[in-house]
Amino acid sequence: MINEEIIIAGFGGQGVLSMGKILAYSGLMSGLEVSWMPSYGPEMRGGTANVTVILSKERISSPILTSYDTAIILNQQSLDKFENTVKPGGILIYDPSGISNPPTRHDLNIFSVEATKAATERNMSKIFNMIVLGGYLKVNPVVSLDHIEAGLKKSLPERHHNLIPANIEGLKLGSELIQRINLYKEAC
Amino acid sequence: MSELRLMKGNEALAEAAIRAGVDAYYGYPITPQSEVMEYLMKANPEKTTGMVVLQAESEVASINMVYGAAGAGKMAMTSSSSPGVSLMQEGISYIAGAELPCVVVNVVRGGPGLGTIQPSQADYFQTVKGGGHGDYKLITLAPASVQEMADFMKLAFDLAFKYRNPAMILSDGAIGQMMEKVELFDPIQRRTDEEVALQCPWATTGRKRGTQKRVITSLRLVASVQEEFNIKLQNKYKEIEEKEVRCEMLQCDDAQYVIVAYGSSARTSMKAVEIARKNGMKVGLLRPQTLWPFPSKQIETLINNGAKGFLSVEMSAGQMVEDVKLAANGKAKVEHYGRMGGVIASPQDIYEALKKFAK
């Protein structure tokens with residue numbers, strides 16, 4: 001049964017909130033209950049931004065949480081803040097760009113997705129967040145690509161619908177780039 | 001056909017206002033409710049339904065524009081957040097004193113003063129115990145989801161017109177800013193001038209030859225006349241208290257301890273109840289959807305059915321807890337748990353407080 005509690009965190013301007021919005025919309029399209037709870041306020045301008053997204057088969061009780069099944073982390077501050085809030089056995093996905101102290105917990109499934117690098121190389125900085133989302137959906141396919149496409153159509157204004165193919169491309173790229181990090185191996 | 005959308009609470013409320021056939025919105029921007037006017041400005045309903053959307057020069061102007069429009073029998077509303085709603089209190093008291101229907105929305109933030117833009121529930125006293133001067137009451141609806149932000153918009157106007165009384169939607173920053181699935185009700189046509197005249201025989205819509213003068217005022221200088229009016233108001237309030245209480249009860253049937261919470265606190269408390277049930281505690285949640293009238297009888301019934309205690313969970317220093325105590329009338333243990341200043345108590349925090357309370 002689907003009941004996925006996700007935190008997405010990074011800098012303001014990285015597309016954290018819109019990534020969450022697309023995920024929530026896709027959940028809606030696939031018939032799930034959804035909630036999207038942003039951190040709002042002064043920290044959104046230039047500082048850290050985060051959003052809690054819940055996808056569930058059942059009525060969602062609290063949209064505000066302190067522990068998560070999955071954390072999608074896009075900068076060091078967010079990693080420091082949220083690594084310890086992931087439930088044991090949960091998923092932590094991060095972009096290694098700008099991360100000097102990588103995650104250390106052994107009881108998590110940790111993945112990295114080099115989205116910043118890939119987006120910069122391809123001159124596609126606007127779909128950076130979709131590369132990350134693609135990585136997440138490869139690891140945990142809570143919603144299908146069709147539903148993401150439907151979600152994009154709903155969440156983007158019509159004048160931006162020409163960007164949908166590029167977004168889908170970003171998702172596919174992310175699903176290829178995501179890599180499992182084995183902490184034990186690195187320690188050897 | 002009703003329509004499914006993913007929307008912020010503030011946006012859902014604004015869209016519902018258009019769909020409910022509201023005639024006029026007057027407001028002044030303030031976080032965390034600015035999306036209400038932003039959405040309305042963008043939707044530009046003047047072109048479709050004829051609804052007026054106007055940014056006033058201040059909250060004082062907004063509420064007095066509402067007063068004027070309501071006097072003409074129009075469905076008029078305003079929205080703001082705590083400091084702005086404080087500015088409106090004089091106007092709200094006048095509207096209550098003139099017995100006019102209108103809707104005021106407060107998406108509450110932390111206070112006192114300018115406080116913080118983060119969510120809070122510290123305006124409970126202001127809303128249900130007065131706020132403005134004089135013996136008056138506001139019908140107060142407390143949405144706990146984006147769906148209720150939409151549904152209560154229409155309900156608030158229905159009740160306001162039914163009782164010729166101002167209604168308040170008391171929300172908070174979390175409910176206003178979060179997005180959820182919402183099923184929007186079908187649009188209702190704005191009333192024609194003839195329909196307004198029929199529904200509101202008291203409205204000042206321009207005196208015609210041979211008709212009686214209608215006066216809308218809150219001024220009654222003769223004490224006996226004022227008292228007569230006060231008695232009439234109190235009778236109306238009594239009727240509302242008898243007929244319009246709304247609340248949701250979750251897992252209360254066998255509950256020994258019951259959390260009482262509204263708005264976003266009700267959502268975090270719902271999760272706390274889930275955790276507590278998993279740990280074998282017999283607990284439930286009473287969620288008032290109307291804060292005035294307050295579900296006092298429901299609390300009494302729960303006590304008669306074996307509830308031993310009530311924990312009022314609020315984002316304040318403890319305000320609604322006083323009404324829970326009045327309802328329990330010494331027959332059950334009542335305490336408050338909450339955080340202040342825009343800090344939200346997590347479901348885990350509430351569960352820990354509940355464990356301590358039940359000891």
# chains A, B, ... in the order shown; residues from 1 in each chain; ligands from 1
>>> select_by_dssp(residues="stretch 70-184 of chain A", states="alpha helix (DSSP H)", output="PyMOL selection string")
chain A and resi 76-82+115-121+128-139+145-155+164-177+183-184
>>> closest_atom_pairs(of="chain B", to="chain A", cutoff="6 Å", atoms="only C-alpha atoms", output="tab-separated table")
residue	atom	partner	partner_atom	distance
B:Met178	CA	A:Met37	CA	4.6
B:Met179	CA	A:Trp36	CA	4.9
B:Glu180	CA	A:Ser35	CA	4.7
B:Arg267	CA	A:Ser62	CA	4.6
B:Thr268	CA	A:Ser62	CA	4.5
B:Met270	CA	A:Ser61	CA	5.5
B:Lys271	CA	A:Ser61	CA	5.4
>>> residues_around(residues="B:Cys247", least_positions_apart="2", cutoff="8 Å", atoms="only C-alpha atoms", output="NGL selection string")
:B and (245 or 249 or 286-290 or 295)
>>> residues_around(residues="stretch 308-317 of chain B", least_positions_apart="4", cutoff="10 Å", atoms="only C-alpha atoms", output="ChimeraX atom specification")
/B:109-111,119-124,172,255-266,268-269,283-286,299,302-304,321-325,328,331-345,350,353-354,357-358
>>> residues_around(residues="A:Val113", least_positions_apart="6", cutoff="8 Å", atoms="only C-alpha atoms", output="list in words")
Ile93, Tyr94, Asp95, Pro96, Val132, Gly135, Gly174, Leu177, Ile178 and Gln179 of chain A
>>> write_last_selection(atoms="N, CA, C and O atoms", output="CSV table (one decimal), in the first residue's frame")
chain,number,residue,atom,x,y,z
A,93,ILE,N,18.4,10.4,-1.2
A,93,ILE,CA,18.9,10.7,-2.5
A,93,ILE,C,19.6,12.1,-2.5
A,93,ILE,O,19.0,13.1,-2.0
A,94,TYR,N,20.8,12.2,-3.0
A,94,TYR,CA,21.4,13.6,-2.9
A,94,TYR,C,22.2,13.8,-4.2
A,94,TYR,O,22.7,12.9,-4.9
A,95,ASP,N,22.4,15.1,-4.5
A,95,ASP,CA,23.3,15.5,-5.6
A,95,ASP,C,24.6,15.8,-5.0
A,95,ASP,O,24.7,16.7,-4.2
A,96,PRO,N,25.7,15.1,-5.4
A,96,PRO,CA,27.0,15.3,-4.7
A,96,PRO,C,27.6,16.7,-5.0
A,96,PRO,O,28.5,17.0,-4.3
A,132,VAL,N,16.7,15.1,-11.0
A,132,VAL,CA,16.7,14.6,-9.6
A,132,VAL,C,15.4,13.7,-9.5
A,132,VAL,O,15.5,12.6,-8.9
A,135,GLY,N,15.6,10.4,-11.0
A,135,GLY,CA,16.4,9.5,-10.2
A,135,GLY,C,15.6,8.8,-9.1
A,135,GLY,O,15.6,7.6,-8.9
A,174,GLY,N,17.8,11.3,-15.4
A,174,GLY,CA,17.9,11.0,-14.0
A,174,GLY,C,17.9,9.6,-13.7
A,174,GLY,O,18.6,9.1,-12.9
A,177,LEU,N,21.2,8.2,-14.4
A,177,LEU,CA,22.3,8.7,-13.7
A,177,LEU,C,22.4,8.2,-12.2
A,177,LEU,O,23.4,8.3,-11.6
A,178,ILE,N,21.2,7.8,-11.7
A,178,ILE,CA,21.2,7.5,-10.3
A,178,ILE,C,22.0,6.3,-9.9
A,178,ILE,O,22.1,5.3,-10.7
A,179,GLN,N,22.8,6.4,-8.8
A,179,GLN,CA,23.7,5.4,-8.4
A,179,GLN,C,23.6,5.1,-6.9
A,179,GLN,O,23.5,6.0,-6.1
>>> atom_distance(atom1="atom CA of B:Asp193", atom2="atom CA of B:Lys74")
9.3 Å
>>> closest_residue(among="B:Gln212, B:Gln177, B:Thr116, B:Gln234", to="B:Ser34", atoms="only C-alpha atoms")
B:Gln177
>>> residues_around(residues="B:Lys162", least_positions_apart="3", cutoff="12 Å", atoms="only C-alpha atoms", output="list of chain:residue names")
B:Glu99, B:Leu100, B:Pro101, B:Cys102, B:Ile139, B:Leu155, B:Ala156, B:Phe157, B:Asp158, B:Leu159, B:Asn165, B:Pro166, B:Ala167, B:Gln199, B:Cys200, B:Lys236, B:Glu239, B:Ile240, B:Lys243, B:Glu244
>>> atom_distance(atom1="atom CA of A:Glu58", atom2="atom CA of B:Leu4")
16.7 Å
>>> residues_around(residues="A:Leu171", least_positions_apart="3", cutoff="7 Å", atoms="only C-alpha atoms", output="PDB file with all heavy atoms, in the first residue's frame")
ATOM      1  N   MET A 130      14.132  18.036 -12.602  1.00  0.00           N
ATOM      2  CA  MET A 130      13.496  16.860 -13.205  1.00  0.00           C
ATOM      3  C   MET A 130      14.482  15.694 -13.290  1.00  0.00           C
ATOM      4  O   MET A 130      14.088  14.532 -13.227  1.00  0.00           O
ATOM      5  CB  MET A 130      12.949  17.213 -14.592  1.00  0.00           C
ATOM      6  CG  MET A 130      11.858  18.262 -14.553  1.00  0.00           C
ATOM      7  SD  MET A 130      10.466  17.798 -13.508  1.00  0.00           S
ATOM      8  CE  MET A 130       9.675  16.603 -14.568  1.00  0.00           C
ATOM      9  N   ILE A 131      15.770  16.021 -13.431  1.00  0.00           N
ATOM     10  CA  ILE A 131      16.788  14.961 -13.419  1.00  0.00           C
ATOM     11  C   ILE A 131      16.774  14.282 -12.050  1.00  0.00           C
ATOM     12  O   ILE A 131      16.775  13.056 -11.942  1.00  0.00           O
ATOM     13  CB  ILE A 131      18.190  15.548 -13.739  1.00  0.00           C
ATOM     14  CG1 ILE A 131      18.182  16.214 -15.126  1.00  0.00           C
ATOM     15  CG2 ILE A 131      19.259  14.464 -13.663  1.00  0.00           C
ATOM     16  CD1 ILE A 131      19.467  16.904 -15.514  1.00  0.00           C
ATOM     17  N   LEU A 133      14.274  14.252  -9.914  1.00  0.00           N
ATOM     18  CA  LEU A 133      12.997  13.541  -9.760  1.00  0.00           C
ATOM     19  C   LEU A 133      13.038  12.203 -10.509  1.00  0.00           C
ATOM     20  O   LEU A 133      12.557  11.182 -10.010  1.00  0.00           O
ATOM     21  CB  LEU A 133      11.850  14.420 -10.269  1.00  0.00           C
ATOM     22  CG  LEU A 133      10.434  13.871 -10.115  1.00  0.00           C
ATOM     23  CD1 LEU A 133      10.115  13.596  -8.651  1.00  0.00           C
ATOM     24  CD2 LEU A 133       9.404  14.837 -10.692  1.00  0.00           C
ATOM     25  N   GLY A 134      13.649  12.226 -11.698  1.00  0.00           N
ATOM     26  CA  GLY A 134      13.786  10.996 -12.480  1.00  0.00           C
ATOM     27  C   GLY A 134      14.576   9.940 -11.718  1.00  0.00           C
ATOM     28  O   GLY A 134      14.248   8.746 -11.738  1.00  0.00           O
ATOM     29  N   ASN A 167      11.416  18.226 -20.172  1.00  0.00           N
ATOM     30  CA  ASN A 167      11.252  17.744 -18.797  1.00  0.00           C
ATOM     31  C   ASN A 167      11.253  16.220 -18.737  1.00  0.00           C
ATOM     32  O   ASN A 167      11.870  15.623 -17.857  1.00  0.00           O
ATOM     33  CB  ASN A 167       9.954  18.277 -18.200  1.00  0.00           C
ATOM     34  CG  ASN A 167      10.093  19.705 -17.695  1.00  0.00           C
ATOM     35  OD1 ASN A 167      10.651  19.947 -16.644  1.00  0.00           O
ATOM     36  ND2 ASN A 167       9.613  20.656 -18.483  1.00  0.00           N
ATOM     37  N   ILE A 168      10.570  15.601 -19.691  1.00  0.00           N
ATOM     38  CA  ILE A 168      10.526  14.134 -19.734  1.00  0.00           C
ATOM     39  C   ILE A 168      11.938  13.591 -19.993  1.00  0.00           C
ATOM     40  O   ILE A 168      12.356  12.601 -19.382  1.00  0.00           O
ATOM     41  CB  ILE A 168       9.550  13.659 -20.846  1.00  0.00           C
ATOM     42  CG1 ILE A 168       8.129  14.187 -20.567  1.00  0.00           C
ATOM     43  CG2 ILE A 168       9.567  12.139 -20.983  1.00  0.00           C
ATOM     44  CD1 ILE A 168       7.379  13.516 -19.449  1.00  0.00           C
ATOM     45  N   GLY A 174      17.784  11.309 -15.448  1.00  0.00           N
ATOM     46  CA  GLY A 174      17.935  11.043 -14.018  1.00  0.00           C
ATOM     47  C   GLY A 174      17.873   9.562 -13.701  1.00  0.00           C
ATOM     48  O   GLY A 174      18.626   9.051 -12.863  1.00  0.00           O
ATOM     49  N   SER A 175      16.998   8.846 -14.406  1.00  0.00           N
ATOM     50  CA  SER A 175      16.859   7.417 -14.115  1.00  0.00           C
ATOM     51  C   SER A 175      18.115   6.655 -14.547  1.00  0.00           C
ATOM     52  O   SER A 175      18.418   5.594 -14.009  1.00  0.00           O
ATOM     53  CB  SER A 175      15.608   6.850 -14.799  1.00  0.00           C
ATOM     54  OG  SER A 175      15.816   6.776 -16.188  1.00  0.00           O
TER      55      SER A 175
END
>>> select_by_dssp(residues="stretch 58-156 of chain B", states="strand (DSSP E)", output="list in words")
Ala76, Met77, Thr78, Ser79, Ser80, Cys102, Val103, Val104, Val105, Asn106, Val107, Val108, Ile139, Thr140 and Leu141 of chain B
>>> atom_distance(atom1="atom CA of A:Pro103", atom2="atom CA of A:Glu83")
6.9 Å
>>> closest_residue(among="A:Phe11, A:Phe128, A:Tyr136, A:Phe111", to="A:Arg180", atoms="only C-alpha atoms")
A:Phe111
>>> closest_residue(among="B:Tyr39, B:Tyr28, B:Phe229, B:Phe161", to="B:Gly9", atoms="only C-alpha atoms")
B:Tyr39
